file target_28.csv (CSV, C-alpha atoms)
chain,number,residue,atom,x,y,z
A,1388,MET,CA,38.7,-12.0,27.8
A,1389,ARG,CA,35.8,-10.6,25.8
A,1390,ASN,CA,32.9,-13.0,25.3
A,1391,THR,CA,32.2,-13.1,21.5
A,1392,ALA,CA,29.3,-15.6,21.9
A,1393,ASN,CA,26.8,-12.9,22.7
A,1394,THR,CA,28.1,-10.5,20.1
A,1395,ARG,CA,25.5,-10.2,17.4
A,1396,ALA,CA,26.2,-9.1,13.8
A,1397,PRO,CA,24.7,-5.8,12.9
A,1398,ARG,CA,21.3,-6.2,11.2
A,1399,VAL,CA,21.4,-5.5,7.5
A,1400,VAL,CA,18.5,-3.4,6.3
A,1401,THR,CA,17.6,-3.9,2.7
A,1402,PRO,CA,16.6,-1.0,0.4
A,1403,ARG,CA,13.0,-2.2,0.3
A,1404,GLN,CA,12.9,-2.1,4.1
A,1405,ARG,CA,14.3,1.4,4.2
A,1406,MET,CA,11.7,2.5,1.7
A,1407,TRP,CA,8.9,0.9,3.7
A,1408,ARG,CA,10.1,2.6,6.9
A,1409,ARG,CA,10.3,6.0,5.2
A,1410,PHE,CA,6.8,5.5,3.7
A,1411,ALA,CA,5.4,4.3,7.1
A,1412,LYS,CA,6.6,7.5,8.7
A,1413,SER,CA,4.1,9.4,6.7
A,1414,ARG,CA,0.9,8.7,8.6
A,1415,LEU,CA,-1.2,10.6,6.0
A,1416,GLY,CA,0.2,8.5,3.2
A,1417,LEU,CA,-0.2,5.3,5.1
A,1418,ALA,CA,-3.8,6.1,6.0
A,1419,SER,CA,-4.5,7.1,2.4
A,1420,GLY,CA,-3.1,3.8,1.2
A,1421,VAL,CA,-5.3,1.9,3.6
A,1422,PHE,CA,-8.3,3.9,2.5
A,1423,LEU,CA,-7.6,3.2,-1.2
A,1424,GLY,CA,-7.1,-0.5,-0.4
A,1425,LEU,CA,-10.5,-0.7,1.3
A,1426,ALA,CA,-12.1,1.3,-1.6
A,1427,TYR,CA,-10.8,-1.1,-4.2
A,1428,LEU,CA,-11.9,-4.1,-2.0
A,1429,ALA,CA,-15.4,-2.6,-1.6
A,1430,MET,CA,-15.7,-2.0,-5.4
A,1431,LEU,CA,-14.4,-5.4,-6.3
A,1432,PHE,CA,-17.0,-7.1,-4.1
A,1433,GLY,CA,-19.6,-4.4,-4.7
A,1434,GLU,CA,-22.6,-6.7,-5.1
A,1435,PHE,CA,-21.8,-8.3,-1.7
A,1436,PHE,CA,-21.5,-5.0,0.1
A,1437,ALA,CA,-24.5,-3.5,-1.7
A,1438,PRO,CA,-27.9,-4.2,0.0
A,1439,TYR,CA,-29.8,-4.3,-3.4
A,1440,ASN,CA,-29.2,-4.8,-7.1
A,1441,HIS,CA,-28.1,-1.5,-8.5
A,1442,ALA,CA,-30.7,-1.6,-11.2
A,1443,ASN,CA,-33.7,-2.4,-9.0
A,1444,ALA,CA,-36.2,0.5,-8.9
A,1445,PHE,CA,-38.4,1.1,-5.8
A,1446,ASN,CA,-41.1,3.2,-7.4
A,1447,ALA,CA,-42.6,4.1,-4.0
A,1448,TYR,CA,-39.3,5.6,-2.8
A,1449,THR,CA,-38.2,8.0,-5.6
A,1450,ASN,CA,-35.7,10.5,-4.3
A,1451,ALA,CA,-36.0,9.1,-0.8
A,1452,PRO,CA,-33.5,10.7,1.8
A,1453,PRO,CA,-30.9,8.5,3.5
A,1454,GLN,CA,-32.1,6.3,6.3
A,1455,PRO,CA,-29.7,6.6,9.3
A,1456,ILE,CA,-28.9,3.3,11.1
A,1457,ARG,CA,-29.7,3.8,14.7
A,1458,VAL,CA,-29.0,2.0,18.0
A,1459,PHE,CA,-31.2,4.1,20.4
A,1460,HIS,CA,-35.0,4.0,20.6
A,1461,GLU,CA,-36.8,6.0,23.3
A,1462,GLY,CA,-33.6,6.3,25.3
A,1463,ARG,CA,-32.8,2.6,25.2
A,1464,LEU,CA,-30.0,0.8,23.5
A,1465,HIS,CA,-31.0,-1.6,20.8
A,1466,ALA,CA,-29.5,-3.7,18.1
A,1467,PRO,CA,-28.9,-1.6,14.9
A,1468,PHE,CA,-32.1,-0.7,13.1
A,1469,VAL,CA,-33.8,1.7,10.8
A,1470,TYR,CA,-37.2,3.3,11.2
A,1471,ALA,CA,-39.8,2.7,8.5
A,1472,VAL,CA,-40.3,5.5,6.0
A,1473,ARG,CA,-43.6,6.7,4.7
A,1474,GLY,CA,-43.9,8.8,1.6
A,1475,GLU,CA,-46.7,11.1,0.6
A,1476,LEU,CA,-47.2,13.3,-2.4
A,1477,ASP,CA,-47.1,17.0,-1.7
A,1478,ARG,CA,-49.8,18.5,-3.9
A,1479,VAL,CA,-48.3,22.0,-3.5
A,1480,LEU,CA,-44.7,21.2,-4.3
A,1481,PHE,CA,-45.5,18.3,-6.5
A,1482,ARG,CA,-42.9,16.0,-5.0
A,1483,ARG,CA,-42.9,13.2,-2.5
A,1484,ILE,CA,-42.3,14.1,1.2
A,1485,TYR,CA,-40.9,11.3,3.4
A,1486,THR,CA,-41.3,11.0,7.1
A,1487,GLU,CA,-40.0,8.4,9.6
A,1488,ASP,CA,-42.6,6.1,11.3
A,1489,ARG,CA,-41.0,5.7,14.7
A,1490,SER,CA,-43.5,3.1,15.7
A,1491,VAL,CA,-42.1,0.6,13.2
A,1492,ARG,CA,-38.4,-0.5,13.5
A,1493,HIS,CA,-36.6,-2.8,11.0
A,1494,PRO,CA,-33.6,-4.5,12.5
A,1495,VAL,CA,-30.5,-4.4,10.3
A,1496,ARG,CA,-29.1,-7.9,9.9
A,1497,LEU,CA,-25.7,-9.1,8.7
A,1498,LEU,CA,-25.2,-11.7,5.9
A,1499,VAL,CA,-28.8,-11.7,4.7
A,1500,ARG,CA,-30.2,-13.2,1.5
A,1501,GLY,CA,-31.4,-10.8,-1.2
A,1502,ASP,CA,-31.1,-10.1,-4.9
A,1503,PRO,CA,-29.1,-12.7,-6.7
A,1504,TYR,CA,-25.8,-11.8,-8.3
A,1505,ARG,CA,-22.5,-13.3,-9.5
A,1506,LEU,CA,-19.7,-12.8,-7.1
A,1507,LEU,CA,-16.6,-11.6,-9.1
A,1508,GLY,CA,-18.7,-12.0,-12.2
A,1509,ALA,CA,-18.6,-15.8,-12.0
A,1510,LEU,CA,-20.0,-17.4,-8.7
A,1511,PRO,CA,-23.8,-17.3,-8.4
A,1512,TRP,CA,-24.7,-15.9,-5.0
A,1513,ASP,CA,-27.4,-14.1,-3.1
A,1514,VAL,CA,-25.9,-13.2,0.2
A,1515,HIS,CA,-25.4,-9.5,1.0
A,1516,LEU,CA,-23.4,-7.9,3.9
A,1517,PHE,CA,-26.4,-6.3,5.5
A,1518,GLY,CA,-30.1,-5.8,4.9
A,1519,VAL,CA,-33.5,-5.7,6.6
A,1520,ASP,CA,-36.6,-8.0,6.6
A,1521,GLY,CA,-39.8,-6.5,5.4
A,1522,GLY,CA,-38.6,-2.9,4.9
A,1523,THR,CA,-36.0,-0.8,3.2
A,1524,VAL,CA,-32.5,0.4,4.2
A,1525,PHE,CA,-31.3,3.3,2.0
A,1526,VAL,CA,-28.1,4.4,3.7
A,1527,PHE,CA,-27.4,7.0,0.9
A,1528,GLY,CA,-31.0,7.5,-0.2
A,1529,THR,CA,-32.3,6.8,-3.6
A,1530,ASP,CA,-32.2,8.5,-7.0
A,1531,HIS,CA,-35.0,9.8,-9.2
A,1532,ARG,CA,-36.1,6.3,-10.1
A,1533,GLY,CA,-36.0,4.9,-6.6
A,1534,ARG,CA,-32.7,3.0,-7.1
A,1535,ASP,CA,-30.5,2.6,-4.0
A,1536,MET,CA,-27.6,5.1,-4.2
A,1537,LEU,CA,-25.2,3.0,-2.1
A,1538,SER,CA,-25.6,0.0,-4.4
A,1539,ARG,CA,-25.1,2.3,-7.5
A,1540,ILE,CA,-22.1,4.0,-6.0
A,1541,LEU,CA,-20.3,0.7,-5.3
A,1542,ILE,CA,-20.9,-0.7,-8.8
A,1543,GLY,CA,-20.2,2.7,-10.5
A,1544,GLY,CA,-17.0,3.1,-8.5
A,1545,ARG,CA,-15.8,-0.2,-9.8
A,1546,VAL,CA,-15.9,1.1,-13.3
A,1547,SER,CA,-14.3,4.5,-12.4
A,1548,LEU,CA,-11.4,2.9,-10.4
A,1549,ALA,CA,-10.9,0.1,-12.9
A,1550,ILE,CA,-10.5,2.5,-15.8
A,1551,GLY,CA,-7.8,4.4,-13.8
A,1552,LEU,CA,-6.0,1.2,-12.9
A,1553,PHE,CA,-6.0,-0.3,-16.4
A,1554,GLY,CA,-5.3,3.0,-18.1
A,1555,VAL,CA,-2.3,3.6,-15.9
A,1556,ALA,CA,-1.1,0.0,-16.6
A,1557,VAL,CA,-1.2,0.5,-20.4
A,1558,ALA,CA,0.4,4.0,-20.0
A,1559,VAL,CA,3.2,2.6,-17.9
A,1560,VAL,CA,4.1,-0.1,-20.4
A,1561,LEU,CA,4.1,2.4,-23.3
A,1562,GLY,CA,5.8,5.1,-21.4
A,1563,ALA,CA,8.5,2.9,-19.9
A,1564,VAL,CA,9.4,1.1,-23.1
A,1565,ILE,CA,9.3,4.2,-25.4
A,1566,GLY,CA,11.0,6.4,-22.9
A,1567,ALA,CA,13.8,3.9,-22.3
A,1568,ALA,CA,14.4,3.3,-26.0
A,1569,SER,CA,14.4,7.0,-26.7
A,1570,GLY,CA,17.0,7.8,-24.0
A,1571,LEU,CA,19.2,4.8,-24.7
A,1572,ILE,CA,19.2,4.9,-28.5
A,1573,GLY,CA,19.2,8.6,-28.9
A,1574,GLY,CA,19.7,10.3,-32.3
A,1575,ARG,CA,16.8,10.4,-34.7
A,1576,VAL,CA,14.7,8.0,-32.6
A,1577,ASP,CA,15.0,10.3,-29.6
A,1578,ASN,CA,14.2,13.3,-31.7
A,1579,LEU,CA,11.2,11.7,-33.2
A,1580,VAL,CA,9.8,10.5,-29.9
A,1581,GLN,CA,10.3,13.9,-28.2
A,1582,ARG,CA,8.7,15.9,-31.0
A,1583,SER,CA,5.7,13.5,-30.9
A,1584,ILE,CA,5.4,14.0,-27.2
A,1585,GLU,CA,5.5,17.8,-27.6
A,1586,VAL,CA,2.8,17.6,-30.3
A,1587,LEU,CA,0.5,15.5,-28.0
A,1588,GLN,CA,1.1,17.8,-25.0
A,1589,SER,CA,0.4,20.9,-27.0
A,1590,PHE,CA,-3.3,20.0,-27.2
A,1591,PRO,CA,-5.7,20.9,-24.3
A,1592,ASN,CA,-6.6,17.8,-22.4
A,1593,ILE,CA,-10.4,18.0,-22.1
A,1594,PRO,CA,-11.1,18.9,-25.7
A,1595,LEU,CA,-8.8,16.1,-26.9
A,1596,TRP,CA,-10.5,13.6,-24.6
A,1597,MET,CA,-13.9,14.7,-25.8
A,1598,ALA,CA,-12.8,14.5,-29.5
A,1599,LEU,CA,-11.4,11.0,-29.2
A,1600,SER,CA,-14.3,9.8,-27.1
A,1601,ALA,CA,-16.8,11.2,-29.5
A,1602,ALA,CA,-15.2,9.0,-32.2
A,1603,ILE,CA,-16.3,5.8,-30.4
A,1604,PRO,CA,-19.2,4.3,-32.3
A,1605,PRO,CA,-22.4,4.7,-30.3
A,1606,ASP,CA,-23.6,1.1,-31.1
A,1607,TRP,CA,-20.6,-0.6,-29.4
A,1608,SER,CA,-21.3,-2.8,-26.4
A,1609,PRO,CA,-20.4,-1.4,-22.9
A,1610,VAL,CA,-17.3,-3.7,-22.8
A,1611,TYR,CA,-15.9,-2.2,-26.0
A,1612,VAL,CA,-16.7,1.3,-24.8
A,1613,PHE,CA,-14.9,0.6,-21.5
A,1614,GLY,CA,-11.8,-0.7,-23.4
A,1615,SER,CA,-11.9,2.2,-25.8
A,1616,ILE,CA,-11.9,4.7,-22.9
A,1617,VAL,CA,-9.0,2.9,-21.3
A,1618,VAL,CA,-7.0,3.1,-24.6
A,1619,VAL,CA,-7.9,6.8,-25.2
A,1620,LEU,CA,-6.7,7.8,-21.7
A,1621,ALA,CA,-3.6,5.7,-21.8
A,1622,LEU,CA,-2.6,7.1,-25.2
A,1623,LEU,CA,-2.8,10.6,-23.8
A,1624,ALA,CA,-1.0,9.8,-20.5
A,1625,TRP,CA,2.1,7.9,-21.7
A,1626,PRO,CA,4.1,11.0,-22.7
A,1627,LEU,CA,4.5,12.1,-19.1
A,1628,LEU,CA,5.8,8.7,-18.1
A,1629,ALA,CA,8.0,8.5,-21.2
A,1630,ARG,CA,9.6,11.9,-20.4
A,1631,GLU,CA,10.3,10.7,-16.8
A,1632,VAL,CA,11.9,7.4,-17.9
A,1633,ARG,CA,13.9,9.2,-20.7
A,1634,GLY,CA,15.4,11.6,-18.1
A,1635,MET,CA,16.4,8.7,-15.9
A,1636,VAL,CA,17.9,6.7,-18.7
A,1637,LEU,CA,20.0,9.6,-19.9
A,1638,ALA,CA,21.5,9.9,-16.5
A,1639,MET,CA,22.0,6.1,-16.4
A,1640,ARG,CA,23.3,5.6,-19.9
A,1641,GLU,CA,26.9,6.3,-19.0
A,1642,THR,CA,27.0,4.2,-15.9
A,1643,ASP,CA,29.4,1.3,-15.6
A,1644,PHE,CA,26.9,-1.6,-15.7
A,1645,VAL,CA,25.2,-0.2,-18.9
A,1646,THR,CA,28.6,0.4,-20.5
A,1647,ALA,CA,29.8,-3.1,-19.6
A,1648,ALA,CA,26.7,-4.7,-20.9
A,1649,SER,CA,27.0,-2.9,-24.2
A,1650,ALA,CA,30.7,-3.7,-24.5
A,1651,LEU,CA,29.9,-7.4,-23.9
A,1652,GLY,CA,27.6,-7.3,-27.0
A,1653,ALA,CA,24.3,-7.3,-25.2
A,1654,ARG,CA,21.3,-6.3,-27.5
A,1655,GLN,CA,19.6,-3.0,-26.9
A,1656,SER,CA,16.4,-4.8,-25.9
A,1657,ARG,CA,18.2,-6.8,-23.3
A,1658,ILE,CA,19.9,-3.6,-21.9
A,1659,VAL,CA,16.5,-1.9,-21.7
A,1660,PHE,CA,14.5,-4.7,-20.1
A,1661,ARG,CA,17.2,-6.3,-18.0
A,1662,HIS,CA,19.4,-3.4,-16.8
A,1663,VAL,CA,17.6,0.0,-17.3
A,1664,LEU,CA,13.9,-0.5,-16.6
A,1665,PRO,CA,14.4,-2.3,-13.3
A,1666,ASN,CA,16.4,0.6,-12.0
A,1667,VAL,CA,13.8,3.3,-13.0
A,1668,MET,CA,10.6,1.4,-12.1
A,1669,SER,CA,10.5,3.1,-8.6
A,1670,HIS,CA,10.3,6.5,-10.3
A,1671,VAL,CA,7.7,5.1,-12.8
A,1672,ILE,CA,5.6,3.8,-9.9
A,1673,VAL,CA,5.6,7.2,-8.2
A,1674,THR,CA,4.7,9.0,-11.4
A,1675,ALA,CA,2.0,6.4,-12.2
A,1676,THR,CA,0.5,7.0,-8.8
A,1677,LEU,CA,0.3,10.7,-9.4
A,1678,VAL,CA,-1.2,10.1,-12.9
A,1679,MET,CA,-3.9,7.8,-11.6
A,1680,PRO,CA,-6.1,10.6,-10.3
A,1681,THR,CA,-6.0,12.4,-13.6
A,1682,MET,CA,-7.3,9.3,-15.4
A,1683,ILE,CA,-10.1,8.7,-12.9
A,1684,LEU,CA,-11.1,12.4,-13.2
A,1685,ALA,CA,-10.9,12.2,-17.0
A,1686,GLU,CA,-13.3,9.3,-17.1
A,1687,SER,CA,-15.7,11.0,-14.7
A,1688,THR,CA,-15.5,14.2,-16.8
A,1689,LEU,CA,-16.2,12.4,-20.1
A,1690,SER,CA,-19.1,10.5,-18.5
A,1691,PHE,CA,-20.4,13.7,-17.0
A,1692,PHE,CA,-20.6,15.2,-20.5
A,1693,GLY,CA,-22.2,12.1,-21.9
A,1694,LEU,CA,-19.1,11.1,-23.9
A,1695,GLY,CA,-17.7,8.3,-21.7
A,1696,ILE,CA,-19.4,5.4,-20.0
A,1697,GLN,CA,-23.1,5.1,-21.0
A,1698,PRO,CA,-26.0,3.4,-19.2
A,1699,PRO,CA,-26.7,0.6,-18.5
A,1700,LEU,CA,-23.1,0.6,-17.5
A,1701,ILE,CA,-22.6,3.1,-14.7
A,1702,SER,CA,-19.7,5.0,-13.2
A,1703,TRP,CA,-19.3,7.9,-10.8
A,1704,GLY,CA,-19.3,10.3,-13.7
A,1705,VAL,CA,-22.7,8.8,-14.9
A,1706,LEU,CA,-24.2,9.2,-11.5
A,1707,LEU,CA,-23.1,12.9,-11.3
A,1708,GLN,CA,-24.4,13.5,-14.8
A,1709,GLN,CA,-27.8,12.3,-13.7
A,1710,ALA,CA,-27.7,14.8,-10.8
A,1711,GLN,CA,-26.6,17.9,-12.7
A,1712,ASN,CA,-29.5,20.2,-11.9
A,1713,LEU,CA,-30.4,22.8,-9.4
A,1714,GLU,CA,-33.1,20.7,-7.9
A,1715,THR,CA,-30.5,18.1,-6.8
A,1716,LEU,CA,-28.3,20.8,-5.1
A,1717,THR,CA,-31.2,22.3,-3.2
A,1718,ILE,CA,-33.5,19.4,-2.4
A,1719,TYR,CA,-31.7,16.1,-3.0
A,1720,PRO,CA,-28.1,16.7,-2.0
A,1721,TRP,CA,-27.5,13.0,-1.1
A,1722,ARG,CA,-27.3,12.3,-4.9
A,1723,LEU,CA,-24.0,14.2,-4.9
A,1724,VAL,CA,-22.3,11.6,-2.7
A,1725,PRO,CA,-20.4,10.1,-5.7
A,1726,GLY,CA,-18.7,13.5,-6.1
A,1727,ALA,CA,-17.6,13.5,-2.5
A,1728,LEU,CA,-16.2,10.0,-2.8
A,1729,LEU,CA,-14.4,11.0,-6.1
A,1730,PHE,CA,-12.8,13.9,-4.2
A,1731,LEU,CA,-11.6,11.7,-1.4
A,1732,VAL,CA,-10.2,9.0,-3.8
A,1733,LEU,CA,-8.3,11.6,-5.8
A,1734,LEU,CA,-6.9,13.3,-2.6
A,1735,ALA,CA,-5.8,9.9,-1.3
A,1736,PHE,CA,-4.0,9.1,-4.5
A,1737,ASN,CA,-2.1,12.4,-4.3
A,1738,PHE,CA,-1.1,11.7,-0.7
A,1739,VAL,CA,0.1,8.2,-1.5
A,1740,GLY,CA,2.1,9.5,-4.5
A,1741,ASP,CA,3.8,12.2,-2.4
A,1742,SER,CA,4.6,9.7,0.3
A,1743,LEU,CA,6.0,7.2,-2.2
A,1744,ARG,CA,8.1,10.0,-3.8
A,1745,ASP,CA,9.7,10.7,-0.4
A,1746,ALA,CA,10.1,7.0,0.3
A,1747,PHE,CA,12.0,6.4,-2.9
A,1748,ASP,CA,14.2,9.5,-2.5
A,1749,PRO,CA,17.6,8.3,-1.1
A,1750,ASN,CA,18.2,11.7,0.5
A,1751,THR,CA,15.2,11.3,2.7
A,1752,GLN,CA,16.0,10.3,6.3
call {"tool": "encode", "arguments": {"input": "target_28.csv", "output": "C-alpha cells"}}
result
Amino acid sequence: MRNTANTRAPRVVTPRQRMWRRFAKSRLGLASGVFLGLAYLAMLFGEFFAPYNHANAFNAYTNAPPQPIRVFHEGRLHAPFVYAVRGELDRVLFRRIYTEDRSVRHPVRLLVRGDPYRLLGALPWDVHLFGVDGGTVFVFGTDHRGRDMLSRILIGGRVSLAIGLFGVAVAVVLGAVIGAASGLIGGRVDNLVQRSIEVLQSFPNIPLWMALSAAIPPDWSPVYVFGSIVVVLALLAWPLLAREVRGMVLAMRETDFVTAASALGARQSRIVFRHVLPNVMSHVIVTATLVMPTMILAESTLSFFGLGIQPPLISWGVLLQQAQNLETLTIYPWRLVPGALLFLVLLAFNFVGDSLRDAFDPNTQ
C-alpha cells in the first residue's frame, strides 16, 4: 500500500516568483540593479558619505589631484591613511603644482565629526562616514575653487537622479491614464490623443527641451526651477508611455473580463483603473525604466548648456558645465568624474530595463 503521508503537494509558483527567477538569471541586470540601489542610497544620504560640505572652498588646494587612500608605507602594512599634500605655485606654468609629503601621514578614520548638515534635510547632524584629523582627504580631487569633488558629486547626483525619478513618475501617471483612456474609449478621443502625440514627437528633443527650459523665469528659486524641469521633461516623455499603454489596451479591450465589466454597467473610469491598468503596469514599468536614462541625460544636457539647474543648486550637468574647457581635459581630468558616473548610471538603467523586459515576457524560459 502506497504511503500517502510523505507525498507532498507540488509547490505552486506565483507569477511574481517566476518573474523574479527570470530576472535573477540575468547577472548583468541584477548587478546593475544593485549598483543603482547603492547609487540612490549614496545620493540620499550624500552629506553623510561626503567628507566635507559641498560648498566649502579650500583656497590653498584649488584643482588639487585625487589623494589615494593607502595601506602600505615603506613596505609595511598600516591602517588606511593619506599622505599630506603640499602645493606650490609654478611661476612658469602659472598654476599650482602639488606633491605628496611622504613624511606626514593622516590616518583615515570612520564616523568622524565634521561640517554640520541636516540628515535627510531634517535631522541636525555632523557625523561623516570618513575623514582625517588635521589634514585633507580629497578622494576625487578638488575643483577650480578648491571644493571637494566627491562631496559635490554626491550632492549633485541627488538632483540628477531625483529629476529622473520624479519626471518618470509624472510621465507614468499621464501616459498610463491618457493611453488607457485613448485605447478604451476610441473614436474622436483616440484620434485627438494620437494626433497630439504625433505633433509632440515631430519636434527634435534637444531644441524643444532648451526652448521650454529657457521659458523658466531666471528669478525663480532653485526649488521652483527643479519642479519646472521635472514638469518639462515629463510633458515630453509621456507620449511614449501613452503609446505603449494604448497598444496594450487595444489588445485587451475585447477580452472577456473587460467585456463583462462593461456589460454589468461599470463606468469607464472603473474599467480603466480597476481592470485595465493593473494588467498593463508591468509593461509600463519596463518602458519607464528605459525612459529614465533619457530624462537624466536631458537634465544633464540642459544644465550643461546653462538652461537647467543653476548654482547654488548643483547637478552632474552643472559640474560638467564647469569643466567644459581644454585645460580640464589635459591637466585636470579628475573633474570629469561626474561624466563617467553619468555614463555608468545610464548604462545600468538600460541593463535593468532589458532584464525586466525579458522577465515580464511570458515566452521567456
call {"tool": "residues_around", "arguments": {"input": "target_28.csv", "residues": "stretch 1525-1536 of chain A", "least_positions_apart": "2", "cutoff": "7 Å", "atoms": "all atoms listed in the file", "output": "PDB file with C-alpha atoms, in the coordinates of the input"}}
result
ATOM      1  CA  TYR A1439     -29.800  -4.300  -3.400  1.00  0.00           C
ATOM      2  CA  HIS A1441     -28.100  -1.500  -8.500  1.00  0.00           C
ATOM      3  CA  ALA A1442     -30.700  -1.600 -11.200  1.00  0.00           C
ATOM      4  CA  ASN A1443     -33.700  -2.400  -9.000  1.00  0.00           C
ATOM      5  CA  ALA A1444     -36.200   0.500  -8.900  1.00  0.00           C
ATOM      6  CA  PHE A1445     -38.400   1.100  -5.800  1.00  0.00           C
ATOM      7  CA  ASN A1446     -41.100   3.200  -7.400  1.00  0.00           C
ATOM      8  CA  TYR A1448     -39.300   5.600  -2.800  1.00  0.00           C
ATOM      9  CA  THR A1449     -38.200   8.000  -5.600  1.00  0.00           C
ATOM     10  CA  ASN A1450     -35.700  10.500  -4.300  1.00  0.00           C
ATOM     11  CA  ALA A1451     -36.000   9.100  -0.800  1.00  0.00           C
ATOM     12  CA  PRO A1452     -33.500  10.700   1.800  1.00  0.00           C
ATOM     13  CA  PRO A1453     -30.900   8.500   3.500  1.00  0.00           C
ATOM     14  CA  GLN A1454     -32.100   6.300   6.300  1.00  0.00           C
ATOM     15  CA  PRO A1455     -29.700   6.600   9.300  1.00  0.00           C
ATOM     16  CA  THR A1523     -36.000  -0.800   3.200  1.00  0.00           C
ATOM     17  CA  SER A1538     -25.600   0.000  -4.400  1.00  0.00           C
ATOM     18  CA  ARG A1539     -25.100   2.300  -7.500  1.00  0.00           C
ATOM     19  CA  ILE A1540     -22.100   4.000  -6.000  1.00  0.00           C
ATOM     20  CA  TRP A1721     -27.500  13.000  -1.100  1.00  0.00           C
ATOM     21  CA  ARG A1722     -27.300  12.300  -4.900  1.00  0.00           C
TER      22      ARG A1722
END
call {"tool": "residues_around", "arguments": {"input": "target_28.csv", "residues": "stretch 1574-1586 of chain A", "least_positions_apart": "2", "cutoff": "9 Å", "atoms": "all atoms listed in the file", "output": "MDAnalysis selection string"}}
result
chainID A and resid 1565:1566 1568:1572 1588:1590 1625:1627 1629:1630
call {"tool": "closest_residue", "arguments": {"input": "target_28.csv", "among": "A:Thr1688, A:Leu1694, A:Gly1521, A:Val1469", "to": "A:Ala1598", "atoms": "only C-alpha atoms"}}
result
A:Leu1694
call {"tool": "atom_distance", "arguments": {"input": "target_28.csv", "atom1": "atom CA of A:Tyr1485", "atom2": "atom CA of A:Gln1709"}}
result
21.6 Å
call {"tool": "residues_around", "arguments": {"input": "target_28.csv", "residues": "A:Ser1690", "least_positions_apart": "4", "cutoff": "12 Å", "atoms": "all atoms listed in the file", "output": "PyMOL selection string"}}
result
chain A and resi 1543+1546-1547+1596-1597+1600-1601+1612-1613+1616+1683-1686+1694-1698+1700-1709
call {"tool": "closest_residue", "arguments": {"input": "target_28.csv", "among": "A:Val1618, A:Glu1641, A:Glu1475, A:Leu1431", "to": "A:Ala1558", "atoms": "only C-alpha atoms"}}
result
A:Val1618
call {"tool": "atom_distance", "arguments": {"input": "target_28.csv", "atom1": "atom CA of A:Leu1716", "atom2": "atom CA of A:Leu1537"}}
result
18.3 Å
call {"tool": "closest_residue", "arguments": {"input": "target_28.csv", "among": "A:Met1639, A:Ala1624, A:Leu1548, A:Ala1653", "to": "A:Tyr1427", "atoms": "all atoms listed in the file"}}
result
A:Leu1548
call {"tool": "residues_around", "arguments": {"input": "target_28.csv", "residues": "stretch 1502-1516 of chain A", "least_positions_apart": "5", "cutoff": "12 Å", "atoms": "all atoms listed in the file", "output": "PyMOL selection string"}}
result
chain A and resi 1428-1443+1495-1497+1538+1542+1545
call {"tool": "atom_distance", "arguments": {"input": "target_28.csv", "atom1": "atom CA of A:Val1421", "atom2": "atom CA of A:Pro1680"}}
result
16.4 Å
call {"tool": "closest_residue", "arguments": {"input": "target_28.csv", "among": "A:Ala1675, A:Leu1728, A:Val1472, A:Val1667", "to": "A:Phe1553", "atoms": "only C-alpha atoms"}}
result
A:Ala1675
call {"tool": "build_atoms", "arguments": {"input": "target_28.csv", "residues": "stretch 1563-1576 of chain A", "atoms": "N, CA and C atoms", "output": "short mmCIF file (atom, residue, chain, number, x, y, z; two decimals), in the coordinates of the input"}}
result
data_model
loop_
_atom_site.label_atom_id
_atom_site.label_comp_id
_atom_site.auth_asym_id
_atom_site.auth_seq_id
_atom_site.Cartn_x
_atom_site.Cartn_y
_atom_site.Cartn_z
N ALA A 1563 7.22 3.47 -20.34
CA ALA A 1563 8.50 2.90 -19.90
C ALA A 1563 9.32 2.42 -21.09
N VAL A 1564 8.69 1.68 -21.99
CA VAL A 1564 9.40 1.10 -23.10
C VAL A 1564 9.86 2.21 -24.10
N ILE A 1565 8.93 3.10 -24.46
CA ILE A 1565 9.30 4.20 -25.40
C ILE A 1565 10.28 5.13 -24.82
N GLY A 1566 10.09 5.50 -23.55
CA GLY A 1566 11.00 6.40 -22.90
C GLY A 1566 12.42 5.83 -22.77
N ALA A 1567 12.50 4.55 -22.41
CA ALA A 1567 13.80 3.90 -22.30
C ALA A 1567 14.51 3.79 -23.61
N ALA A 1568 13.75 3.40 -24.63
CA ALA A 1568 14.40 3.30 -26.00
C ALA A 1568 14.79 4.67 -26.47
N SER A 1569 14.01 5.69 -26.22
CA SER A 1569 14.40 7.00 -26.70
C SER A 1569 15.64 7.53 -26.01
N GLY A 1570 15.76 7.31 -24.70
CA GLY A 1570 17.00 7.80 -24.00
C GLY A 1570 18.18 6.97 -24.29
N LEU A 1571 18.01 5.66 -24.53
CA LEU A 1571 19.20 4.80 -24.70
C LEU A 1571 19.68 4.83 -26.15
N ILE A 1572 18.78 4.85 -27.13
CA ILE A 1572 19.20 4.90 -28.50
C ILE A 1572 19.64 6.25 -28.95
N GLY A 1573 18.84 7.27 -28.56
CA GLY A 1573 19.20 8.60 -28.90
C GLY A 1573 19.06 8.93 -30.38
N GLY A 1574 19.70 9.99 -30.84
CA GLY A 1574 19.70 10.30 -32.30
C GLY A 1574 18.34 10.61 -32.81
N ARG A 1575 18.07 10.09 -34.02
CA ARG A 1575 16.80 10.40 -34.70
C ARG A 1575 15.61 9.77 -33.94
N VAL A 1576 15.83 8.61 -33.34
CA VAL A 1576 14.70 8.00 -32.60
C VAL A 1576 14.31 8.89 -31.42
#
